[in-house]
>>> print(open('data_12.pdb').read())   # PDB, C-alpha atoms
MODEL        1
ATOM      1  CA  MET N   1     113.523 108.330 110.686
ATOM      2  CA  ARG N   2     115.490 109.647 113.666
ATOM      3  CA  GLN N   3     114.181 113.133 112.918
ATOM      4  CA  ALA N   4     110.603 111.834 112.710
ATOM      5  CA  LEU N   5     111.129 110.186 116.109
ATOM      6  CA  LYS N   6     112.318 113.529 117.507
ATOM      7  CA  GLU N   7     109.077 115.046 116.267
ATOM      8  CA  ALA N   8     107.124 112.222 117.946
ATOM      9  CA  LEU N   9     108.865 113.050 121.235
ATOM     10  CA  LYS N  10     107.690 116.670 120.890
ATOM     11  CA  ALA N  11     104.122 115.391 120.569
ATOM     12  CA  TYR N  12     104.600 113.139 123.604
ATOM     13  CA  ALA N  13     105.829 116.094 125.690
ATOM     14  CA  LYS N  14     102.651 117.988 124.774
ATOM     15  CA  GLY N  15     100.372 115.097 125.737
ATOM     16  CA  GLU N  16      99.643 114.307 122.088
ATOM     17  CA  VAL N  17      99.744 110.840 120.562
ATOM     18  CA  PRO N  18     103.465 110.576 119.770
ATOM     19  CA  VAL N  19     103.586 110.527 116.003
ATOM     20  CA  GLY N  20     106.187 112.464 114.070
ATOM     21  CA  ALA N  21     106.865 112.993 110.383
ATOM     22  CA  VAL N  22     109.409 114.632 108.111
ATOM     23  CA  VAL N  23     109.410 115.322 104.380
ATOM     24  CA  VAL N  24     112.798 114.981 102.685
ATOM     25  CA  TYR N  25     113.846 116.503  99.359
ATOM     26  CA  ALA N  26     117.334 115.930  97.939
ATOM     27  CA  GLY N  27     118.599 114.731 101.321
ATOM     28  CA  GLU N  28     117.287 117.792 103.196
ATOM     29  CA  ILE N  29     114.323 117.968 105.547
ATOM     30  CA  ILE N  30     111.874 120.507 104.148
ATOM     31  CA  GLY N  31     108.861 119.686 106.320
ATOM     32  CA  ARG N  32     108.432 118.602 109.908
ATOM     33  CA  GLY N  33     105.361 117.774 111.898
ATOM     34  CA  HIS N  34     104.045 116.081 114.979
ATOM     35  CA  ASN N  35     100.513 115.407 116.105
ATOM     36  CA  LEU N  36      98.690 118.464 117.443
ATOM     37  CA  ARG N  37      95.089 117.258 117.390
ATOM     38  CA  GLU N  38      94.446 117.755 121.094
ATOM     39  CA  SER N  39      96.161 121.119 121.493
ATOM     40  CA  SER N  40      94.726 122.533 118.257
ATOM     41  CA  GLN N  41      91.332 120.812 118.557
ATOM     42  CA  ASP N  42      91.634 120.274 114.815
ATOM     43  CA  PRO N  43      91.189 116.694 113.570
ATOM     44  CA  THR N  44      93.382 117.354 110.526
ATOM     45  CA  THR N  45      96.541 118.270 112.425
ATOM     46  CA  HIS N  46      98.212 114.899 112.059
ATOM     47  CA  ALA N  47     102.001 114.824 111.818
ATOM     48  CA  GLU N  48     101.936 113.944 108.119
ATOM     49  CA  ILE N  49      99.584 116.789 107.172
ATOM     50  CA  ILE N  50     101.637 119.355 109.081
ATOM     51  CA  ALA N  51     104.881 118.131 107.483
ATOM     52  CA  ILE N  52     103.332 118.142 103.987
ATOM     53  CA  ARG N  53     101.995 121.681 104.462
ATOM     54  CA  GLU N  54     105.410 122.956 105.529
ATOM     55  CA  ALA N  55     107.156 121.157 102.661
ATOM     56  CA  SER N  56     104.683 122.590 100.147
ATOM     57  CA  ARG N  57     105.277 126.114 101.449
ATOM     58  CA  LYS N  58     109.046 125.666 101.229
ATOM     59  CA  ARG N  59     108.905 124.189  97.721
ATOM     60  CA  GLY N  60     106.342 126.737  96.573
ATOM     61  CA  SER N  61     104.221 123.924  95.188
ATOM     62  CA  TRP N  62     101.731 121.343  96.341
ATOM     63  CA  ARG N  63     103.483 118.844  94.071
ATOM     64  CA  LEU N  64     106.091 117.008  96.148
ATOM     65  CA  GLU N  65     106.981 114.437  93.470
ATOM     66  CA  GLU N  66     110.657 114.160  94.355
ATOM     67  CA  CYS N  67     110.050 114.030  98.103
ATOM     68  CA  ASP N  68     109.913 111.171 100.580
ATOM     69  CA  LEU N  69     107.938 111.067 103.816
ATOM     70  CA  TYR N  70     109.208 109.411 106.995
ATOM     71  CA  VAL N  71     106.551 108.865 109.647
ATOM     72  CA  THR N  72     106.655 106.908 112.891
ATOM     73  CA  LEU N  73     103.166 105.384 112.528
ATOM     74  CA  GLU N  74     101.349 103.945 109.528
ATOM     75  CA  PRO N  75      99.283 106.749 107.981
ATOM     76  CA  CYS N  76      95.517 106.842 108.412
ATOM     77  CA  LEU N  77      93.143 107.124 105.444
ATOM     78  CA  MET N  78      93.098 110.944 105.574
ATOM     79  CA  CYS N  79      96.893 111.108 105.544
ATOM     80  CA  ALA N  80      97.192 108.411 102.866
ATOM     81  CA  GLY N  81      94.935 110.567 100.697
ATOM     82  CA  ALA N  82      96.972 113.706 101.358
ATOM     83  CA  ILE N  83     100.202 111.829 100.591
ATOM     84  CA  SER N  84      98.779 110.687  97.256
ATOM     85  CA  LEU N  85      97.446 114.159  96.403
ATOM     86  CA  ALA N  86     100.824 115.717  97.238
ATOM     87  CA  ARG N  87     102.490 113.224  94.875
ATOM     88  CA  ILE N  88     104.948 112.075  97.565
ATOM     89  CA  ARG N  89     107.390 109.640  95.936
ATOM     90  CA  LYS N  90     107.815 107.170  98.832
ATOM     91  CA  VAL N  91     106.540 106.721 102.383
ATOM     92  CA  TYR N  92     108.630 105.061 105.089
ATOM     93  CA  PHE N  93     106.705 104.236 108.253
ATOM     94  CA  GLY N  94     107.663 102.643 111.543
ATOM     95  CA  ALA N  95     104.858 101.015 113.494
ATOM     96  CA  ALA N  96     101.743  99.527 111.947
ATOM     97  CA  ASP N  97      98.463 101.032 113.197
ATOM     98  CA  PRO N  98      95.972  98.251 114.022
ATOM     99  CA  LYS N  99      93.097 100.733 114.539
ATOM    100  CA  ALA N 100      93.451 103.150 111.626
ATOM    101  CA  GLY N 101      96.348 102.096 109.392
ATOM    102  CA  ALA N 102      95.512 102.705 105.760
ATOM    103  CA  LEU N 103      98.520 101.304 103.912
ATOM    104  CA  VAL N 104      98.740  97.684 105.095
ATOM    105  CA  THR N 105      96.764  97.136 108.279
ATOM    106  CA  CYS N 106      93.069  98.126 108.114
ATOM    107  CA  VAL N 107      92.781  99.403 104.561
ATOM    108  CA  ARG N 108      95.121  99.153 101.603
ATOM    109  CA  ALA N 109      94.467 102.623 100.206
ATOM    110  CA  TYR N 110      97.087 102.374  97.512
ATOM    111  CA  ASP N 111      95.502  99.264  96.039
ATOM    112  CA  PHE N 112      92.922 101.578  94.427
ATOM    113  CA  GLN N 113      94.402 101.743  90.944
ATOM    114  CA  TRP N 114      92.148 104.647  89.972
ATOM    115  CA  LEU N 115      94.186 106.972  92.201
ATOM    116  CA  ASN N 116      96.025 109.633  90.225
ATOM    117  CA  HIS N 117      99.269 108.938  92.106
ATOM    118  CA  ILE N 118     100.295 105.845  94.054
ATOM    119  CA  PRO N 119     103.434 106.300  96.135
ATOM    120  CA  ASP N 120     105.805 103.518  97.004
ATOM    121  CA  PHE N 121     105.990 102.654 100.685
ATOM    122  CA  GLU N 122     108.101 100.660 103.065
ATOM    123  CA  GLU N 123     107.036  99.570 106.521
ATOM    124  CA  GLY N 124     109.062  98.791 109.600
ATOM    125  CA  LEU N 125     111.759 101.482 109.520
ATOM    126  CA  GLY N 126     112.260 102.387 113.198
ATOM    127  CA  LYS N 127     109.392 100.070 114.138
ATOM    128  CA  GLY N 128     110.762  99.051 117.553
ATOM    129  CA  THR N 129     111.375 102.576 118.807
ATOM    130  CA  SER N 130     108.114 103.907 117.346
ATOM    131  CA  SER N 131     106.086 101.064 118.860
ATOM    132  CA  ALA N 132     107.760 101.412 122.263
ATOM    133  CA  LEU N 133     107.070 105.148 122.364
ATOM    134  CA  LEU N 134     103.407 104.654 121.493
ATOM    135  CA  SER N 135     103.042 101.834 124.044
ATOM    136  CA  ARG N 136     104.618 103.950 126.771
ATOM    137  CA  PHE N 137     102.324 106.878 125.953
ATOM    138  CA  PHE N 138      99.130 104.806 126.097
ATOM    139  CA  GLU N 139     100.290 103.002 129.254
ATOM    140  CA  HIS N 140     100.784 106.410 130.880
ATOM    141  CA  LEU N 141      97.303 107.490 129.774
ATOM    142  CA  ARG N 142      95.712 104.332 131.215
ATOM    143  CA  ARG N 143      97.481 104.844 134.546
ATOM    144  CA  LYS N 144      96.475 108.489 134.680
ATOM    145  CA  LYS N 145      92.848 107.627 133.901
ATOM    146  CA  LYS N 146      92.826 104.933 136.574
ATOM    147  CA  ILE N 147      94.196 107.346 139.191
ATOM    148  CA  LEU N 148      91.708 110.042 138.228
ATOM    149  CA  ASN N 149      88.876 107.528 138.526
ATOM    150  CA  GLY N 150      89.885 106.674 142.101
ATOM    151  CA  GLY N 151      91.852 103.521 141.414
ATOM    152  CA  SER N 152      95.427 102.850 142.309
ATOM    153  CA  ILE N 153      98.339 101.807 140.162
TER     154      ILE N 153
ENDMDL
END
>>> encode(input="data_12.pdb", output="structure tokens")
Amino acid sequence: MRQALKEALKAYAKGEVPVGAVVVYAGEIIGRGHNLRESSQDPTTHAEIIAIREASRKRGSWRLEECDLYVTLEPCLMCAGAISLARIRKVYFGAADPKAGALVTCVRAYDFQWLNHIPDFEEGLGKGTSSALLSRFFEHLRRKKKILNGGSI
């Protein structure tokens, strides 16, 4: 999870929502990603998707059955779908996402038993650090918006 947090810091430095992800196979990181939605202007460039794409290229297969995903924020519905399609074995996520979380918070995507693959998941790994980083980012955005709109801090 430390490596996923490093990816989240890269996103933060770019002004992106600080979410980071890594895909691990046999104890080695084979995919890394951090949010790039704003800089790419592509709604699919979430940390998880980027990490899965890199892992698939490295493995030479879209099937990542023996791989685990570590991500700092609960995946959204799009990412939960991609994780299932990639056959990721287990997902570890830090902070819950009260607006778009699709594993435990807003939707329970993996409760749909008709899915071809249902990964295991574990929440709360690195939760405190992930939550603090996200809170700091959004606090900074609110302050910046207030200043730009003529208000003071």
>>> resolve_selection(input="data_12.pdb", expression="the PyMOL selection byres ((chain N and resi 5) around 12)", output="VMD selection string")
chain N and resid 1 to 4 6 to 12 18 to 22 32 to 35 47 70 to 73 93 to 95 125 to 134
>>> write_last_selection(input="data_12.pdb", atoms="C-alpha atoms", output="PDB file, keeping the file's coordinate frame")
ATOM      1  CA  MET N   1     113.523 108.330 110.686  1.00  0.00           C
ATOM      2  CA  ARG N   2     115.490 109.647 113.666  1.00  0.00           C
ATOM      3  CA  GLN N   3     114.181 113.133 112.918  1.00  0.00           C
ATOM      4  CA  ALA N   4     110.603 111.834 112.710  1.00  0.00           C
ATOM      5  CA  LYS N   6     112.318 113.529 117.507  1.00  0.00           C
ATOM      6  CA  GLU N   7     109.077 115.046 116.267  1.00  0.00           C
ATOM      7  CA  ALA N   8     107.124 112.222 117.946  1.00  0.00           C
ATOM      8  CA  LEU N   9     108.865 113.050 121.235  1.00  0.00           C
ATOM      9  CA  LYS N  10     107.690 116.670 120.890  1.00  0.00           C
ATOM     10  CA  ALA N  11     104.122 115.391 120.569  1.00  0.00           C
ATOM     11  CA  TYR N  12     104.600 113.139 123.604  1.00  0.00           C
ATOM     12  CA  PRO N  18     103.465 110.576 119.770  1.00  0.00           C
ATOM     13  CA  VAL N  19     103.586 110.527 116.003  1.00  0.00           C
ATOM     14  CA  GLY N  20     106.187 112.464 114.070  1.00  0.00           C
ATOM     15  CA  ALA N  21     106.865 112.993 110.383  1.00  0.00           C
ATOM     16  CA  VAL N  22     109.409 114.632 108.111  1.00  0.00           C
ATOM     17  CA  ARG N  32     108.432 118.602 109.908  1.00  0.00           C
ATOM     18  CA  GLY N  33     105.361 117.774 111.898  1.00  0.00           C
ATOM     19  CA  HIS N  34     104.045 116.081 114.979  1.00  0.00           C
ATOM     20  CA  ASN N  35     100.513 115.407 116.105  1.00  0.00           C
ATOM     21  CA  ALA N  47     102.001 114.824 111.818  1.00  0.00           C
ATOM     22  CA  TYR N  70     109.208 109.411 106.995  1.00  0.00           C
ATOM     23  CA  VAL N  71     106.551 108.865 109.647  1.00  0.00           C
ATOM     24  CA  THR N  72     106.655 106.908 112.891  1.00  0.00           C
ATOM     25  CA  LEU N  73     103.166 105.384 112.528  1.00  0.00           C
ATOM     26  CA  PHE N  93     106.705 104.236 108.253  1.00  0.00           C
ATOM     27  CA  GLY N  94     107.663 102.643 111.543  1.00  0.00           C
ATOM     28  CA  ALA N  95     104.858 101.015 113.494  1.00  0.00           C
ATOM     29  CA  LEU N 125     111.759 101.482 109.520  1.00  0.00           C
ATOM     30  CA  GLY N 126     112.260 102.387 113.198  1.00  0.00           C
ATOM     31  CA  LYS N 127     109.392 100.070 114.138  1.00  0.00           C
ATOM     32  CA  GLY N 128     110.762  99.051 117.553  1.00  0.00           C
ATOM     33  CA  THR N 129     111.375 102.576 118.807  1.00  0.00           C
ATOM     34  CA  SER N 130     108.114 103.907 117.346  1.00  0.00           C
ATOM     35  CA  SER N 131     106.086 101.064 118.860  1.00  0.00           C
ATOM     36  CA  ALA N 132     107.760 101.412 122.263  1.00  0.00           C
ATOM     37  CA  LEU N 133     107.070 105.148 122.364  1.00  0.00           C
ATOM     38  CA  LEU N 134     103.407 104.654 121.493  1.00  0.00           C
TER      39      LEU N 134
END
>>> atom_distance(input="data_12.pdb", atom1="CA of Glu66 in chain N", atom2="CA of Ile30 in chain N")
11.7 Å
>>> atom_distance(input="data_12.pdb", atom1="CA of Arg87 in chain N", atom2="CA of Pro119 in chain N")
7.1 Å
>>> residues_around(input="data_12.pdb", residues="Glu54 in chain N", least_positions_apart="2", cutoff="8 Å", atoms="all atoms listed in the file", output="PyMOL selection string")
chain N and resi 30-32+50-52+56-58
>>> atom_distance(input="data_12.pdb", atom1="CA of Glu65 in chain N", atom2="CA of Gly27 in chain N")
14.0 Å
>>> closest_residue(input="data_12.pdb", among="N:Ala55, N:Ile147, N:Ile49, N:Ala86", to="Ile29 in chain N", atoms="only C-alpha atoms")
N:Ala55
>>> closest_residue(input="data_12.pdb", among="N:Thr105, N:Leu77, N:His117, N:Gln41", to="Leu64 in chain N", atoms="only C-alpha atoms")
N:His117
>>> resolve_selection(input="data_12.pdb", expression="the PyMOL selection byres ((chain N and resi 76) around 8)", output="PyMOL selection string")
chain N and resi 74-75+77-80+100-103
>>> axis_aligned_box(input="data_12.pdb", around="range 35-42 of chain N", padding_each_side="3 Å", output="AutoDock Vina command-line options")
--center_x 95.9 --center_y 119.0 --center_z 118.2 --size_x 15.2 --size_y 13.1 --size_z 12.7
>>> closest_residue(input="data_12.pdb", among="N:Ala82, N:Ser61, N:Ile88, N:Asp68", to="Ala26 in chain N", atoms="only C-alpha atoms")
N:Asp68
>>> decode(input="data_12.pdb", residues="range 50-86 of chain N", atoms="N, CA, C and O atoms", output="compact mmCIF listing (two decimals), in the first residue's frame")
# COMPACT_ATOMS: atom_id res chain seq x y z
N ILE N 50 -5.22 2.51 -15.12
CA ILE N 50 -3.84 2.69 -15.60
C ILE N 50 -2.96 1.56 -15.10
O ILE N 50 -2.16 0.98 -15.87
N ALA N 51 -3.08 1.20 -13.83
CA ALA N 51 -2.27 0.11 -13.26
C ALA N 51 -2.61 -1.23 -13.91
O ALA N 51 -1.71 -2.03 -14.20
N ILE N 52 -3.88 -1.49 -14.15
CA ILE N 52 -4.30 -2.74 -14.80
C ILE N 52 -3.77 -2.80 -16.23
O ILE N 52 -3.29 -3.85 -16.68
N ARG N 53 -3.84 -1.70 -16.95
CA ARG N 53 -3.32 -1.69 -18.33
C ARG N 53 -1.83 -2.01 -18.36
O ARG N 53 -1.37 -2.81 -19.19
N GLU N 54 -1.07 -1.39 -17.46
CA GLU N 54 0.37 -1.65 -17.42
C GLU N 54 0.65 -3.10 -17.04
O GLU N 54 1.51 -3.75 -17.64
N ALA N 55 -0.07 -3.62 -16.06
CA ALA N 55 0.13 -5.00 -15.64
C ALA N 55 -0.20 -5.98 -16.77
O ALA N 55 0.53 -6.95 -16.98
N SER N 56 -1.26 -5.70 -17.50
CA SER N 56 -1.64 -6.56 -18.62
C SER N 56 -0.57 -6.56 -19.71
O SER N 56 -0.25 -7.62 -20.28
N ARG N 57 -0.01 -5.39 -20.00
CA ARG N 57 1.07 -5.31 -20.98
C ARG N 57 2.28 -6.13 -20.51
O ARG N 57 2.85 -6.90 -21.28
N LYS N 58 2.64 -5.97 -19.25
CA LYS N 58 3.81 -6.70 -18.73
C LYS N 58 3.58 -8.20 -18.70
O LYS N 58 4.51 -8.97 -18.95
N ARG N 59 2.38 -8.63 -18.37
CA ARG N 59 2.09 -10.07 -18.31
C ARG N 59 1.80 -10.65 -19.69
O ARG N 59 1.80 -11.85 -19.87
N GLY N 60 1.51 -9.76 -20.65
CA GLY N 60 1.17 -10.24 -21.98
C GLY N 60 -0.20 -10.90 -22.03
O GLY N 60 -0.49 -11.72 -22.89
N SER N 61 -1.06 -10.50 -21.11
CA SER N 61 -2.40 -11.06 -21.02
C SER N 61 -3.32 -10.13 -20.25
O SER N 61 -2.90 -9.46 -19.32
N TRP N 62 -4.58 -10.13 -20.65
CA TRP N 62 -5.56 -9.35 -19.90
C TRP N 62 -6.00 -10.10 -18.64
O TRP N 62 -6.61 -9.53 -17.76
N ARG N 63 -5.67 -11.38 -18.56
CA ARG N 63 -6.04 -12.18 -17.40
C ARG N 63 -4.99 -11.99 -16.29
O ARG N 63 -3.86 -12.41 -16.44
N LEU N 64 -5.39 -11.37 -15.22
CA LEU N 64 -4.49 -11.09 -14.10
C LEU N 64 -4.91 -11.90 -12.87
O LEU N 64 -4.94 -11.41 -11.75
N GLU N 65 -5.20 -13.18 -13.09
CA GLU N 65 -5.79 -14.05 -12.06
C GLU N 65 -4.94 -14.22 -10.81
O GLU N 65 -5.48 -14.42 -9.73
N GLU N 66 -3.67 -14.15 -10.93
CA GLU N 66 -2.79 -14.34 -9.77
C GLU N 66 -2.26 -13.02 -9.23
O GLU N 66 -1.27 -12.99 -8.51
N CYS N 67 -2.95 -11.95 -9.56
CA CYS N 67 -2.50 -10.60 -9.18
C CYS N 67 -3.44 -9.99 -8.15
O CYS N 67 -4.64 -10.27 -8.12
N ASP N 68 -2.86 -9.13 -7.33
CA ASP N 68 -3.62 -8.36 -6.34
C ASP N 68 -3.49 -6.87 -6.67
O ASP N 68 -2.46 -6.44 -7.19
N LEU N 69 -4.53 -6.12 -6.35
CA LEU N 69 -4.54 -4.68 -6.59
C LEU N 69 -4.59 -3.97 -5.24
O LEU N 69 -5.43 -4.31 -4.40
N TYR N 70 -3.71 -3.00 -5.06
CA TYR N 70 -3.71 -2.14 -3.89
C TYR N 70 -4.07 -0.75 -4.38
O TYR N 70 -3.42 -0.22 -5.28
N VAL N 71 -5.10 -0.16 -3.80
CA VAL N 71 -5.54 1.17 -4.23
C VAL N 71 -5.93 1.98 -3.00
O VAL N 71 -6.47 1.46 -2.03
N THR N 72 -5.62 3.27 -3.04
CA THR N 72 -5.80 4.11 -1.86
C THR N 72 -7.26 4.50 -1.60
O THR N 72 -7.59 4.88 -0.48
N LEU N 73 -8.12 4.38 -2.60
CA LEU N 73 -9.53 4.75 -2.45
C LEU N 73 -10.39 3.62 -3.00
O LEU N 73 -10.05 2.99 -4.01
N GLU N 74 -11.51 3.38 -2.36
CA GLU N 74 -12.46 2.37 -2.82
C GLU N 74 -12.77 2.58 -4.30
O GLU N 74 -13.11 3.68 -4.73
N PRO N 75 -12.65 1.54 -5.10
CA PRO N 75 -12.93 1.68 -6.54
C PRO N 75 -14.36 2.10 -6.84
O PRO N 75 -15.30 1.73 -6.14
N CYS N 76 -14.49 2.85 -7.94
CA CYS N 76 -15.80 3.24 -8.45
C CYS N 76 -16.38 2.07 -9.25
O CYS N 76 -15.73 1.04 -9.43
N LEU N 77 -17.57 2.23 -9.79
CA LEU N 77 -18.23 1.16 -10.52
C LEU N 77 -17.45 0.79 -11.79
O LEU N 77 -17.31 -0.40 -12.11
N MET N 78 -16.92 1.78 -12.50
CA MET N 78 -16.13 1.50 -13.70
C MET N 78 -14.92 0.65 -13.35
O MET N 78 -14.63 -0.36 -13.99
N CYS N 79 -14.21 1.05 -12.30
CA CYS N 79 -13.00 0.33 -11.90
C CYS N 79 -13.33 -1.04 -11.33
O CYS N 79 -12.61 -2.02 -11.61
N ALA N 80 -14.43 -1.15 -10.58
CA ALA N 80 -14.85 -2.46 -10.07
C ALA N 80 -15.12 -3.40 -11.23
O ALA N 80 -14.74 -4.59 -11.17
N GLY N 81 -15.72 -2.89 -12.29
CA GLY N 81 -15.97 -3.71 -13.48
C GLY N 81 -14.67 -4.14 -14.14
O GLY N 81 -14.50 -5.31 -14.50
N ALA N 82 -13.74 -3.22 -14.29
CA ALA N 82 -12.45 -3.54 -14.91
C ALA N 82 -11.68 -4.56 -14.07
O ALA N 82 -11.05 -5.47 -14.62
N ILE N 83 -11.74 -4.42 -12.76
CA ILE N 83 -11.06 -5.35 -11.86
C ILE N 83 -11.63 -6.76 -12.05
O ILE N 83 -10.89 -7.74 -12.14
N SER N 84 -12.95 -6.86 -12.12
CA SER N 84 -13.59 -8.15 -12.34
C SER N 84 -13.21 -8.73 -13.70
O SER N 84 -12.85 -9.90 -13.81
N LEU N 85 -13.27 -7.91 -14.74
CA LEU N 85 -12.94 -8.37 -16.09
C LEU N 85 -11.49 -8.82 -16.20
O LEU N 85 -11.18 -9.75 -16.96
N ALA N 86 -10.60 -8.16 -15.46
CA ALA N 86 -9.18 -8.52 -15.48
C ALA N 86 -8.89 -9.75 -14.63
O ALA N 86 -7.77 -10.25 -14.63
